[in-house]
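Dropping query_36.cif in here (mmCIF, N, CA and C atoms):
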data_input
#
loop_
_atom_site.label_atom_id
_atom_site.label_comp_id
_atom_site.auth_asym_id
_atom_site.auth_seq_id
_atom_site.Cartn_x
_atom_site.Cartn_y
_atom_site.Cartn_z
N MET A 1457 67.46 82.09 111.37
CA MET A 1457 66.53 82.49 112.41
C MET A 1457 65.18 81.88 112.09
N SER A 1458 64.56 81.33 113.12
CA SER A 1458 63.25 80.73 112.89
C SER A 1458 62.19 81.81 112.69
N ASN A 1459 61.13 81.44 112.01
CA ASN A 1459 60.02 82.38 111.82
C ASN A 1459 59.42 82.78 113.15
N LYS A 1460 59.37 81.83 114.09
CA LYS A 1460 58.81 82.11 115.41
C LYS A 1460 59.61 83.20 116.11
N ALA A 1461 60.94 83.11 116.06
CA ALA A 1461 61.78 84.11 116.69
C ALA A 1461 61.59 85.47 116.02
N ALA A 1462 61.55 85.49 114.71
CA ALA A 1462 61.35 86.75 113.98
C ALA A 1462 60.00 87.37 114.33
N LEU A 1463 58.96 86.54 114.38
CA LEU A 1463 57.63 87.05 114.71
C LEU A 1463 57.58 87.59 116.13
N SER A 1464 58.20 86.88 117.06
CA SER A 1464 58.23 87.35 118.45
C SER A 1464 58.96 88.68 118.55
N TYR A 1465 60.07 88.78 117.86
CA TYR A 1465 60.88 89.99 117.91
C TYR A 1465 60.15 91.16 117.26
N ASP A 1466 59.44 90.88 116.18
CA ASP A 1466 58.67 91.92 115.50
C ASP A 1466 57.43 92.31 116.31
N GLN A 1467 56.90 91.39 117.08
CA GLN A 1467 55.70 91.67 117.86
C GLN A 1467 55.92 92.83 118.83
N THR A 1468 57.12 92.95 119.36
CA THR A 1468 57.42 94.08 120.26
C THR A 1468 57.22 95.39 119.53
N ALA A 1469 57.67 95.46 118.30
CA ALA A 1469 57.50 96.70 117.51
C ALA A 1469 56.02 97.01 117.33
N GLU A 1470 55.23 95.97 117.05
CA GLU A 1470 53.78 96.17 116.88
C GLU A 1470 53.14 96.67 118.18
N GLU A 1471 53.54 96.07 119.29
CA GLU A 1471 52.99 96.49 120.59
C GLU A 1471 53.35 97.94 120.89
N ILE A 1472 54.60 98.30 120.66
CA ILE A 1472 55.06 99.65 120.98
C ILE A 1472 54.42 100.69 120.07
N LEU A 1473 54.13 100.31 118.84
CA LEU A 1473 53.42 101.24 117.94
C LEU A 1473 52.10 101.70 118.55
N LYS A 1474 51.44 100.83 119.29
CA LYS A 1474 50.15 101.16 119.91
C LYS A 1474 50.29 102.28 120.94
N TYR A 1475 51.46 102.45 121.49
CA TYR A 1475 51.66 103.47 122.52
C TYR A 1475 51.55 104.89 121.96
N LYS A 1476 51.61 105.01 120.64
CA LYS A 1476 51.47 106.34 120.03
C LYS A 1476 50.07 106.91 120.27
N GLU A 1477 49.13 106.05 120.63
CA GLU A 1477 47.76 106.50 120.88
C GLU A 1477 47.62 107.17 122.26
N PHE A 1478 48.62 107.01 123.11
CA PHE A 1478 48.53 107.56 124.46
C PHE A 1478 48.99 109.01 124.50
N ASP A 1479 48.46 109.72 125.47
CA ASP A 1479 48.86 111.09 125.72
C ASP A 1479 50.35 111.14 126.08
N GLU A 1480 51.06 112.08 125.51
CA GLU A 1480 52.50 112.21 125.74
C GLU A 1480 52.84 112.23 127.23
N GLN A 1481 52.07 112.94 128.00
CA GLN A 1481 52.37 113.07 129.43
C GLN A 1481 52.38 111.72 130.14
N ARG A 1482 51.46 110.84 129.78
CA ARG A 1482 51.43 109.50 130.40
C ARG A 1482 52.68 108.71 130.08
N LEU A 1483 53.23 108.94 128.89
CA LEU A 1483 54.42 108.20 128.47
C LEU A 1483 55.69 108.73 129.13
N LEU A 1484 55.60 109.91 129.71
CA LEU A 1484 56.76 110.53 130.36
C LEU A 1484 56.79 110.32 131.87
N GLU A 1485 55.70 109.80 132.41
CA GLU A 1485 55.64 109.56 133.86
C GLU A 1485 56.34 108.24 134.18
N PRO A 1486 57.09 108.21 135.29
CA PRO A 1486 57.73 106.94 135.69
C PRO A 1486 56.67 105.84 135.87
N ILE A 1487 57.03 104.60 135.52
CA ILE A 1487 56.07 103.51 135.66
C ILE A 1487 55.77 103.24 137.13
N SER A 1488 56.71 103.56 138.00
CA SER A 1488 56.51 103.56 139.45
C SER A 1488 57.64 104.39 140.04
N GLU A 1489 57.55 104.65 141.32
CA GLU A 1489 58.54 105.54 141.95
C GLU A 1489 59.96 105.01 141.76
N GLY A 1490 60.83 105.89 141.27
CA GLY A 1490 62.22 105.53 141.07
C GLY A 1490 62.50 104.71 139.82
N LYS A 1491 61.50 104.51 138.98
CA LYS A 1491 61.65 103.71 137.76
C LYS A 1491 61.61 104.61 136.53
N TRP A 1492 61.96 104.03 135.39
CA TRP A 1492 61.91 104.75 134.13
C TRP A 1492 60.47 105.02 133.71
N SER A 1493 60.35 105.96 132.77
CA SER A 1493 59.07 106.21 132.11
C SER A 1493 58.93 105.24 130.94
N VAL A 1494 57.75 105.20 130.34
CA VAL A 1494 57.53 104.39 129.15
C VAL A 1494 58.50 104.84 128.05
N LYS A 1495 58.63 106.15 127.88
CA LYS A 1495 59.56 106.67 126.85
C LYS A 1495 60.98 106.16 127.11
N GLU A 1496 61.41 106.19 128.36
CA GLU A 1496 62.77 105.75 128.67
C GLU A 1496 62.93 104.25 128.45
N ILE A 1497 61.91 103.48 128.76
CA ILE A 1497 62.00 102.03 128.51
C ILE A 1497 62.11 101.76 127.01
N ILE A 1498 61.31 102.46 126.22
CA ILE A 1498 61.41 102.30 124.76
C ILE A 1498 62.81 102.69 124.29
N GLY A 1499 63.33 103.77 124.85
CA GLY A 1499 64.68 104.20 124.50
C GLY A 1499 65.72 103.16 124.88
N HIS A 1500 65.52 102.53 126.02
CA HIS A 1500 66.40 101.46 126.48
C HIS A 1500 66.39 100.29 125.48
N LEU A 1501 65.22 99.88 125.04
CA LEU A 1501 65.11 98.80 124.05
C LEU A 1501 65.75 99.21 122.72
N TYR A 1502 65.48 100.45 122.33
CA TYR A 1502 66.04 100.98 121.08
C TYR A 1502 67.57 100.96 121.12
N TYR A 1503 68.13 101.40 122.24
CA TYR A 1503 69.58 101.49 122.36
C TYR A 1503 70.22 100.10 122.34
N TRP A 1504 69.54 99.10 122.93
CA TRP A 1504 70.06 97.74 122.83
C TRP A 1504 70.01 97.26 121.38
N ASP A 1505 68.94 97.56 120.68
CA ASP A 1505 68.85 97.18 119.26
C ASP A 1505 70.00 97.79 118.46
N LYS A 1506 70.30 99.05 118.73
CA LYS A 1506 71.41 99.71 118.04
C LYS A 1506 72.72 98.98 118.33
N PHE A 1507 72.93 98.62 119.58
CA PHE A 1507 74.15 97.89 119.95
C PHE A 1507 74.24 96.57 119.17
N ILE A 1508 73.16 95.81 119.20
CA ILE A 1508 73.13 94.50 118.52
C ILE A 1508 73.43 94.67 117.03
N LEU A 1509 72.75 95.63 116.41
CA LEU A 1509 72.89 95.85 114.97
C LEU A 1509 74.31 96.27 114.60
N GLN A 1510 74.92 97.11 115.40
CA GLN A 1510 76.25 97.63 115.08
C GLN A 1510 77.39 96.72 115.54
N ASN A 1511 77.22 96.07 116.69
CA ASN A 1511 78.35 95.38 117.31
C ASN A 1511 78.31 93.86 117.27
N HIS A 1512 77.15 93.29 117.01
CA HIS A 1512 77.07 91.83 116.99
C HIS A 1512 76.65 91.26 115.64
N VAL A 1513 75.57 91.77 115.07
CA VAL A 1513 75.03 91.18 113.84
C VAL A 1513 76.08 91.05 112.73
N PRO A 1514 76.90 92.07 112.48
CA PRO A 1514 77.85 91.93 111.37
C PRO A 1514 78.87 90.80 111.55
N TYR A 1515 79.01 90.30 112.77
CA TYR A 1515 80.03 89.31 113.07
C TYR A 1515 79.46 87.94 113.43
N MET A 1516 78.16 87.78 113.34
CA MET A 1516 77.52 86.51 113.71
C MET A 1516 77.70 85.48 112.61
N ASN A 1517 78.77 84.73 112.70
CA ASN A 1517 78.97 83.62 111.77
C ASN A 1517 79.67 82.49 112.50
N GLU A 1518 79.74 81.38 111.86
CA GLU A 1518 80.26 80.15 112.47
C GLU A 1518 81.62 80.40 113.12
N GLY A 1519 81.70 80.05 114.41
CA GLY A 1519 82.97 80.12 115.13
C GLY A 1519 83.36 81.51 115.61
N ALA A 1520 82.56 82.50 115.35
CA ALA A 1520 82.90 83.87 115.74
C ALA A 1520 82.85 84.04 117.26
N ASN A 1521 83.65 84.96 117.74
CA ASN A 1521 83.57 85.37 119.14
C ASN A 1521 83.20 86.85 119.12
N LEU A 1522 81.97 87.14 119.50
CA LEU A 1522 81.48 88.51 119.48
C LEU A 1522 82.00 89.29 120.68
N ASN A 1523 82.05 90.61 120.52
CA ASN A 1523 82.43 91.46 121.64
C ASN A 1523 81.52 91.19 122.82
N ALA A 1524 82.04 91.32 124.01
CA ALA A 1524 81.24 91.16 125.22
C ALA A 1524 80.14 92.22 125.26
N PHE A 1525 79.06 91.91 125.97
CA PHE A 1525 78.03 92.91 126.18
C PHE A 1525 78.63 94.04 127.00
N PRO A 1526 78.17 95.27 126.77
CA PRO A 1526 78.70 96.39 127.55
C PRO A 1526 78.23 96.32 129.00
N ASN A 1527 78.86 97.08 129.85
CA ASN A 1527 78.40 97.24 131.23
C ASN A 1527 76.97 97.75 131.17
N HIS A 1528 76.05 97.00 131.78
CA HIS A 1528 74.63 97.32 131.64
C HIS A 1528 74.27 98.68 132.23
N ASP A 1529 74.79 98.99 133.39
CA ASP A 1529 74.46 100.28 134.01
C ASP A 1529 74.92 101.45 133.15
N LEU A 1530 76.15 101.37 132.67
CA LEU A 1530 76.68 102.43 131.81
C LEU A 1530 75.89 102.51 130.51
N HIS A 1531 75.62 101.36 129.92
CA HIS A 1531 74.87 101.30 128.66
C HIS A 1531 73.48 101.92 128.83
N ASN A 1532 72.83 101.62 129.94
CA ASN A 1532 71.50 102.16 130.20
C ASN A 1532 71.54 103.67 130.41
N ARG A 1533 72.55 104.16 131.10
CA ARG A 1533 72.69 105.63 131.26
C ARG A 1533 72.90 106.30 129.90
N GLU A 1534 73.73 105.69 129.07
CA GLU A 1534 73.96 106.22 127.73
C GLU A 1534 72.66 106.24 126.92
N ALA A 1535 71.86 105.21 127.08
CA ALA A 1535 70.58 105.12 126.35
C ALA A 1535 69.68 106.28 126.71
N ILE A 1536 69.57 106.58 127.99
CA ILE A 1536 68.69 107.65 128.44
C ILE A 1536 69.20 108.99 127.92
N GLU A 1537 70.51 109.18 127.93
CA GLU A 1537 71.08 110.40 127.35
C GLU A 1537 70.80 110.48 125.85
N TYR A 1538 71.01 109.37 125.16
CA TYR A 1538 70.88 109.32 123.72
C TYR A 1538 69.48 109.70 123.25
N ILE A 1539 68.46 109.25 123.96
CA ILE A 1539 67.09 109.50 123.51
C ILE A 1539 66.62 110.92 123.78
N SER A 1540 67.42 111.73 124.43
CA SER A 1540 67.01 113.11 124.70
C SER A 1540 66.83 113.90 123.40
N VAL A 1541 67.39 113.41 122.31
CA VAL A 1541 67.24 114.10 121.02
C VAL A 1541 65.83 113.95 120.45
N PHE A 1542 65.06 112.98 120.96
CA PHE A 1542 63.70 112.77 120.47
C PHE A 1542 62.76 113.68 121.25
N THR A 1543 62.17 114.64 120.55
CA THR A 1543 61.32 115.63 121.23
C THR A 1543 59.98 115.06 121.67
N THR A 1544 59.55 113.98 121.03
CA THR A 1544 58.30 113.33 121.43
C THR A 1544 58.53 111.83 121.52
N THR A 1545 57.70 111.19 122.30
CA THR A 1545 57.77 109.73 122.39
C THR A 1545 57.37 109.12 121.06
N GLY A 1546 56.43 109.75 120.36
CA GLY A 1546 56.02 109.25 119.04
C GLY A 1546 57.18 109.17 118.07
N SER A 1547 58.05 110.19 118.06
CA SER A 1547 59.19 110.17 117.14
C SER A 1547 60.18 109.07 117.54
N LEU A 1548 60.33 108.84 118.84
CA LEU A 1548 61.18 107.74 119.31
C LEU A 1548 60.57 106.40 118.90
N ILE A 1549 59.27 106.26 119.06
CA ILE A 1549 58.60 105.02 118.67
C ILE A 1549 58.80 104.74 117.19
N ASP A 1550 58.64 105.75 116.35
CA ASP A 1550 58.86 105.57 114.91
C ASP A 1550 60.27 105.08 114.63
N GLU A 1551 61.24 105.67 115.29
CA GLU A 1551 62.64 105.29 115.09
C GLU A 1551 62.90 103.88 115.63
N PHE A 1552 62.32 103.57 116.78
CA PHE A 1552 62.45 102.22 117.34
C PHE A 1552 61.94 101.18 116.36
N VAL A 1553 60.73 101.38 115.84
CA VAL A 1553 60.10 100.42 114.93
C VAL A 1553 60.94 100.27 113.66
N LEU A 1554 61.38 101.38 113.10
CA LEU A 1554 62.22 101.33 111.90
C LEU A 1554 63.51 100.55 112.18
N ASN A 1555 64.17 100.87 113.27
CA ASN A 1555 65.43 100.21 113.62
C ASN A 1555 65.22 98.73 113.91
N ARG A 1556 64.13 98.38 114.60
CA ARG A 1556 63.84 96.98 114.91
C ARG A 1556 63.64 96.19 113.61
N ARG A 1557 62.97 96.78 112.65
CA ARG A 1557 62.72 96.08 111.39
C ARG A 1557 64.01 95.93 110.58
N ILE A 1558 64.88 96.92 110.64
CA ILE A 1558 66.19 96.81 109.99
C ILE A 1558 66.98 95.68 110.65
N LEU A 1559 66.91 95.62 111.97
CA LEU A 1559 67.61 94.58 112.72
C LEU A 1559 67.08 93.19 112.35
N ILE A 1560 65.78 93.05 112.28
CA ILE A 1560 65.18 91.75 111.92
C ILE A 1560 65.62 91.34 110.52
N LYS A 1561 65.62 92.28 109.60
CA LYS A 1561 66.05 91.97 108.23
C LYS A 1561 67.51 91.54 108.21
N ALA A 1562 68.36 92.24 108.96
CA ALA A 1562 69.78 91.90 109.00
C ALA A 1562 69.99 90.51 109.61
N ILE A 1563 69.27 90.23 110.68
CA ILE A 1563 69.40 88.94 111.35
C ILE A 1563 68.88 87.80 110.48
N SER A 1564 67.86 88.07 109.69
CA SER A 1564 67.28 87.01 108.87
C SER A 1564 68.27 86.51 107.82
N GLY A 1565 69.30 87.27 107.54
CA GLY A 1565 70.31 86.85 106.58
C GLY A 1565 71.42 86.00 107.19
N ILE A 1566 71.36 85.76 108.49
CA ILE A 1566 72.40 84.99 109.16
C ILE A 1566 72.04 83.51 109.13
N ASP A 1567 73.04 82.69 108.89
CA ASP A 1567 72.84 81.23 108.88
C ASP A 1567 72.32 80.80 110.26
N SER A 1568 71.14 80.20 110.28
CA SER A 1568 70.51 79.83 111.56
C SER A 1568 71.28 78.73 112.30
N ASN A 1569 72.17 78.03 111.62
CA ASN A 1569 72.96 76.98 112.27
C ASN A 1569 74.32 77.46 112.76
N ALA A 1570 74.70 78.68 112.39
CA ALA A 1570 76.00 79.21 112.81
C ALA A 1570 76.04 79.33 114.32
N LYS A 1571 77.15 78.89 114.91
CA LYS A 1571 77.33 78.97 116.36
C LYS A 1571 78.47 79.94 116.66
N PHE A 1572 78.26 80.76 117.69
CA PHE A 1572 79.24 81.77 118.06
C PHE A 1572 79.21 81.95 119.57
N THR A 1573 80.26 82.56 120.09
CA THR A 1573 80.34 82.86 121.52
C THR A 1573 80.35 84.37 121.70
N ILE A 1574 80.20 84.79 122.95
CA ILE A 1574 80.17 86.23 123.27
C ILE A 1574 81.18 86.50 124.37
N GLY A 1575 82.08 87.45 124.11
CA GLY A 1575 83.08 87.83 125.12
C GLY A 1575 83.91 86.65 125.55
N SER A 1576 84.14 86.53 126.86
CA SER A 1576 84.97 85.43 127.37
C SER A 1576 84.14 84.19 127.68
N GLY A 1577 82.86 84.24 127.35
CA GLY A 1577 81.99 83.10 127.62
C GLY A 1577 82.29 81.92 126.73
N LYS A 1578 82.01 80.74 127.24
CA LYS A 1578 82.24 79.52 126.47
C LYS A 1578 80.94 79.00 125.87
N ARG A 1579 79.82 79.53 126.34
CA ARG A 1579 78.51 79.09 125.85
C ARG A 1579 78.35 79.45 124.38
N GLN A 1580 77.92 78.49 123.59
CA GLN A 1580 77.70 78.74 122.18
C GLN A 1580 76.25 79.14 121.94
N PHE A 1581 76.10 80.11 121.07
CA PHE A 1581 74.78 80.62 120.71
C PHE A 1581 74.53 80.37 119.23
N THR A 1582 73.26 80.14 118.90
CA THR A 1582 72.79 80.27 117.53
C THR A 1582 72.01 81.58 117.53
N ILE A 1583 71.59 82.05 116.39
CA ILE A 1583 70.83 83.29 116.33
C ILE A 1583 69.53 83.17 117.14
N ASP A 1584 68.88 82.01 117.10
CA ASP A 1584 67.64 81.83 117.87
C ASP A 1584 67.90 81.90 119.38
N LYS A 1585 68.97 81.25 119.84
CA LYS A 1585 69.29 81.31 121.28
C LYS A 1585 69.65 82.73 121.70
N TYR A 1586 70.38 83.40 120.85
CA TYR A 1586 70.75 84.79 121.12
C TYR A 1586 69.49 85.66 121.21
N LEU A 1587 68.62 85.54 120.21
CA LEU A 1587 67.41 86.35 120.19
C LEU A 1587 66.49 86.07 121.37
N LYS A 1588 66.51 84.84 121.87
CA LYS A 1588 65.66 84.50 123.01
C LYS A 1588 65.97 85.40 124.20
N ILE A 1589 67.22 85.75 124.39
CA ILE A 1589 67.61 86.66 125.48
C ILE A 1589 66.85 87.97 125.34
N PHE A 1590 66.83 88.50 124.13
CA PHE A 1590 66.23 89.80 123.90
C PHE A 1590 64.71 89.74 123.77
N ILE A 1591 64.20 88.62 123.32
CA ILE A 1591 62.73 88.44 123.29
C ILE A 1591 62.21 88.42 124.72
N ASP A 1592 62.91 87.72 125.61
CA ASP A 1592 62.52 87.69 127.03
C ASP A 1592 62.66 89.08 127.65
N HIS A 1593 63.70 89.78 127.29
CA HIS A 1593 63.94 91.14 127.77
C HIS A 1593 62.81 92.06 127.33
N ASP A 1594 62.43 91.96 126.06
CA ASP A 1594 61.30 92.74 125.53
C ASP A 1594 60.02 92.43 126.31
N ALA A 1595 59.77 91.14 126.54
CA ALA A 1595 58.54 90.73 127.23
C ALA A 1595 58.48 91.32 128.63
N HIS A 1596 59.60 91.31 129.32
CA HIS A 1596 59.67 91.89 130.67
C HIS A 1596 59.26 93.36 130.64
N HIS A 1597 59.83 94.11 129.71
CA HIS A 1597 59.54 95.54 129.64
C HIS A 1597 58.15 95.83 129.08
N LEU A 1598 57.69 95.02 128.14
CA LEU A 1598 56.32 95.21 127.64
C LEU A 1598 55.31 95.02 128.76
N LYS A 1599 55.54 94.03 129.61
CA LYS A 1599 54.65 93.79 130.74
C LYS A 1599 54.61 95.03 131.64
N GLN A 1600 55.78 95.58 131.95
CA GLN A 1600 55.85 96.78 132.79
C GLN A 1600 55.06 97.93 132.17
N MET A 1601 55.30 98.17 130.88
CA MET A 1601 54.66 99.30 130.21
C MET A 1601 53.15 99.09 130.10
N ASN A 1602 52.74 97.88 129.76
CA ASN A 1602 51.31 97.60 129.62
C ASN A 1602 50.59 97.73 130.95
N GLU A 1603 51.23 97.30 132.02
CA GLU A 1603 50.62 97.45 133.35
C GLU A 1603 50.47 98.93 133.70
N ARG A 1604 51.48 99.71 133.36
CA ARG A 1604 51.45 101.14 133.66
C ARG A 1604 50.35 101.85 132.86
N LEU A 1605 50.19 101.46 131.62
CA LEU A 1605 49.26 102.17 130.73
C LEU A 1605 47.84 101.61 130.76
N SER A 1606 47.62 100.49 131.45
CA SER A 1606 46.27 99.91 131.47
C SER A 1606 45.37 100.58 132.50
#
Mind turning this structure into structure tokens?
Amino acid sequence: MSNKAALSYDQTAEEILKYKEFDEQRLLEPISEGKWSVKEIIGHLYYWDKFILQNHVPYMNEGANLNAFPNHDLHNREAIEYISVFTTTGSLIDEFVLNRRILIKAISGIDSNAKFTIGSGKRQFTIDKYLKIFIDHDAHHLKQMNERLS
């Protein structure tokens, strides 16, 4: 994994840590009508990190075929249910940051030249190409949250 990818991926954790300064109520309000709250978006990112760490990272090596990504709608519903155990957004943020750093450490041990596929796809990924998907995903949600909280 390139340093740039690691820094980008870690930057999300740094950005989300700043949200601990906000009033809990603001973090629980939907970002707009019919949308998730900041807490739910963080939970969504956290749950994807858990998936990656448990279901993909251990198998990312040359020639591997990783399990397909889960159904996004179902996965997102599970994420929102899962985070109900966090009584405050601050406790979820702490867990997100810890888990993201564990994920970065685990990924940093993967051969950056190893190529693998996902599910029935034929497209080959390296760890940097794979991470780009999630770095872009993080950026999309960070923009939403920052707009809501500004």
request  = Can you give me, as a list in words, the residues this file yields under the PyMOL selection byres (((chain A and resi 1488-1502 and name CA) around 8) and name CA)?
outcome  =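 That selection, the PyMOL selection byres (((chain A and resi 1488-1502 and name CA) around 8) and name CA), comes back as Ile1472, Leu1483, Leu1484, Glu1485, Pro1486, Ile1487, Tyr1503, Trp1504, Asp1505, Lys1506, Asn1532, Ala1535, Ile1536, Ile1539, Thr1545, Leu1548, Ile1549, Phe1552, Asn1555, Arg1556, Asp1594, His1597 and Met1601 of chain A.
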query = Distance atom CA of Gly1546 of chain A-atom CA of Pro1526 of chain A, one decimal place?
reply =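 Straight-line distance from atom CA of Gly1546 of chain A to atom CA of Pro1526 of chain A works out to 27.4 Å.
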task = Spell out the residues picked by the PyMOL selection byres (((chain A and resi 1468 and name CA) around 9) and name CA) here, as a PyMOL selection string.
result = chain A and resi 1463-1467+1469-1473+1553+1556+1591+1594-1595+1598
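In this structure, atom CA of Tyr1515 of chain A sits 17.8 Å away from atom CA of Ile1589 of chain A.
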ask   = Which value, in Å to one decimal, gives the distance between atom C of Phe1525 of chain A and atom C of Ile1574 of chain A?
value =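 Separation between atom C of Phe1525 of chain A and atom C of Ile1574 of chain A: 8.4 Å.
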key: Distance criterion (only C-alpha atoms): nearest to Ile1566 of chain A out of A:Phe1478, A:His1596, A:Thr1582, A:Phe1590   =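 Ranking A:Phe1478, A:His1596, A:Thr1582, A:Phe1590 by distance to Ile1566 of chain A, first place goes to A:Thr1582.
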Given the file shown, enumerate the residues that the PyMOL selection byres ((chain A and resi 1517) around 6.5) captures and present them as a JSON list (two decimals) with N, CA and C atoms, in the frame of the given file.
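So selection.json came out as:
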[["chain", "number", "residue", "atom", "x", "y", "z"],
["A", 1514, "PRO", "N", 76.90, 92.07, 112.48],
["A", 1514, "PRO", "CA", 77.85, 91.93, 111.37],
["A", 1514, "PRO", "C", 78.87, 90.80, 111.55],
["A", 1515, "TYR", "N", 79.01, 90.30, 112.77],
["A", 1515, "TYR", "CA", 80.03, 89.31, 113.07],
["A", 1515, "TYR", "C", 79.46, 87.94, 113.43],
["A", 1516, "MET", "N", 78.16, 87.78, 113.34],
["A", 1516, "MET", "CA", 77.52, 86.51, 113.71],
["A", 1516, "MET", "C", 77.70, 85.48, 112.61],
["A", 1518, "GLU", "N", 79.74, 81.38, 111.86],
["A", 1518, "GLU", "CA", 80.26, 80.15, 112.47],
["A", 1518, "GLU", "C", 81.62, 80.40, 113.12],
["A", 1519, "GLY", "N", 81.70, 80.05, 114.41],
["A", 1519, "GLY", "CA", 82.97, 80.12, 115.13],
["A", 1519, "GLY", "C", 83.36, 81.51, 115.61],
["A", 1520, "ALA", "N", 82.56, 82.50, 115.35],
["A", 1520, "ALA", "CA", 82.90, 83.87, 115.74],
["A", 1520, "ALA", "C", 82.85, 84.04, 117.26],
["A", 1570, "ALA", "N", 74.70, 78.68, 112.39],
["A", 1570, "ALA", "CA", 76.00, 79.21, 112.81],
["A", 1570, "ALA", "C", 76.04, 79.33, 114.32],
["A", 1571, "LYS", "N", 77.15, 78.89, 114.91],
["A", 1571, "LYS", "CA", 77.33, 78.97, 116.36],
["A", 1571, "LYS", "C", 78.47, 79.94, 116.66],
["A", 1572, "PHE", "N", 78.26, 80.76, 117.69],
["A", 1572, "PHE", "CA", 79.24, 81.77, 118.06],
["A", 1572, "PHE", "C", 79.21, 81.95, 119.57]]
message = Run DSSP on the backbone and tell me which residues of segment 1474-1581 of chain A come out as alpha helix (DSSP H); list them as JSON, numbers by chain.
response = {"A": [1480, 1481, 1482, 1483, 1484, 1494, 1495, 1496, 1497, 1498, 1499, 1500, 1501, 1502, 1503, 1504, 1505, 1506, 1507, 1528, 1529, 1530, 1531, 1532, 1533, 1534, 1535, 1536, 1537, 1538, 1545, 1546, 1547, 1548, 1549, 1550, 1551, 1552, 1553, 1554, 1555, 1556, 1557, 1558, 1559, 1560, 1561, 1562, 1563, 1564]}
Please export segment 1509-1514 of chain A as an mmCIF file, in the first residue's frame, restricted to all heavy atoms.
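Written file, part07.cif:
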data_model
loop_
_atom_site.group_PDB
_atom_site.id
_atom_site.type_symbol
_atom_site.label_atom_id
_atom_site.label_comp_id
_atom_site.auth_asym_id
_atom_site.auth_seq_id
_atom_site.Cartn_x
_atom_site.Cartn_y
_atom_site.Cartn_z
ATOM 1 N N LEU A 1509 -12.038 -5.691 7.073
ATOM 2 C CA LEU A 1509 -11.061 -6.288 7.979
ATOM 3 C C LEU A 1509 -11.302 -7.783 8.177
ATOM 4 O O LEU A 1509 -10.358 -8.580 8.197
ATOM 5 C CB LEU A 1509 -11.090 -5.555 9.328
ATOM 6 C CG LEU A 1509 -9.976 -5.856 10.314
ATOM 7 C CD1 LEU A 1509 -8.600 -5.603 9.721
ATOM 8 C CD2 LEU A 1509 -10.158 -5.005 11.562
ATOM 9 N N GLN A 1510 -12.555 -8.180 8.289
ATOM 10 C CA GLN A 1510 -12.878 -9.583 8.557
ATOM 11 C C GLN A 1510 -12.954 -10.441 7.301
ATOM 12 O O GLN A 1510 -12.577 -11.613 7.330
ATOM 13 C CB GLN A 1510 -14.205 -9.681 9.308
ATOM 14 C CG GLN A 1510 -14.163 -9.084 10.686
ATOM 15 C CD GLN A 1510 -15.547 -8.955 11.323
ATOM 16 O OE1 GLN A 1510 -16.570 -9.243 10.707
ATOM 17 N NE2 GLN A 1510 -15.575 -8.498 12.558
ATOM 18 N N ASN A 1511 -13.456 -9.879 6.205
ATOM 19 C CA ASN A 1511 -13.786 -10.699 5.044
ATOM 20 C C ASN A 1511 -12.871 -10.547 3.838
ATOM 21 O O ASN A 1511 -12.910 -11.389 2.951
ATOM 22 C CB ASN A 1511 -15.221 -10.404 4.601
ATOM 23 C CG ASN A 1511 -16.222 -10.757 5.669
ATOM 24 O OD1 ASN A 1511 -16.469 -11.922 5.942
ATOM 25 N ND2 ASN A 1511 -16.782 -9.744 6.311
ATOM 26 N N HIS A 1512 -12.087 -9.487 3.796
ATOM 27 C CA HIS A 1512 -11.217 -9.303 2.637
ATOM 28 C C HIS A 1512 -9.734 -9.278 2.986
ATOM 29 O O HIS A 1512 -8.944 -9.981 2.359
ATOM 30 C CB HIS A 1512 -11.597 -8.020 1.871
ATOM 31 C CG HIS A 1512 -12.783 -8.210 0.968
ATOM 32 N ND1 HIS A 1512 -13.317 -7.183 0.235
ATOM 33 C CD2 HIS A 1512 -13.540 -9.297 0.684
ATOM 34 C CE1 HIS A 1512 -14.342 -7.637 -0.468
ATOM 35 N NE2 HIS A 1512 -14.503 -8.911 -0.209
ATOM 36 N N VAL A 1513 -9.353 -8.470 3.962
ATOM 37 C CA VAL A 1513 -7.927 -8.302 4.268
ATOM 38 C C VAL A 1513 -7.194 -9.630 4.496
ATOM 39 O O VAL A 1513 -6.111 -9.828 3.935
ATOM 40 C CB VAL A 1513 -7.716 -7.325 5.453
ATOM 41 C CG1 VAL A 1513 -6.275 -7.333 5.934
ATOM 42 C CG2 VAL A 1513 -8.131 -5.913 5.048
ATOM 43 N N PRO A 1514 -7.759 -10.560 5.260
ATOM 44 C CA PRO A 1514 -6.997 -11.798 5.503
ATOM 45 C C PRO A 1514 -6.702 -12.611 4.237
ATOM 46 O O PRO A 1514 -5.829 -13.470 4.238
ATOM 47 C CB PRO A 1514 -7.910 -12.608 6.437
ATOM 48 C CG PRO A 1514 -8.826 -11.608 7.055
ATOM 49 C CD PRO A 1514 -9.013 -10.538 6.015
#
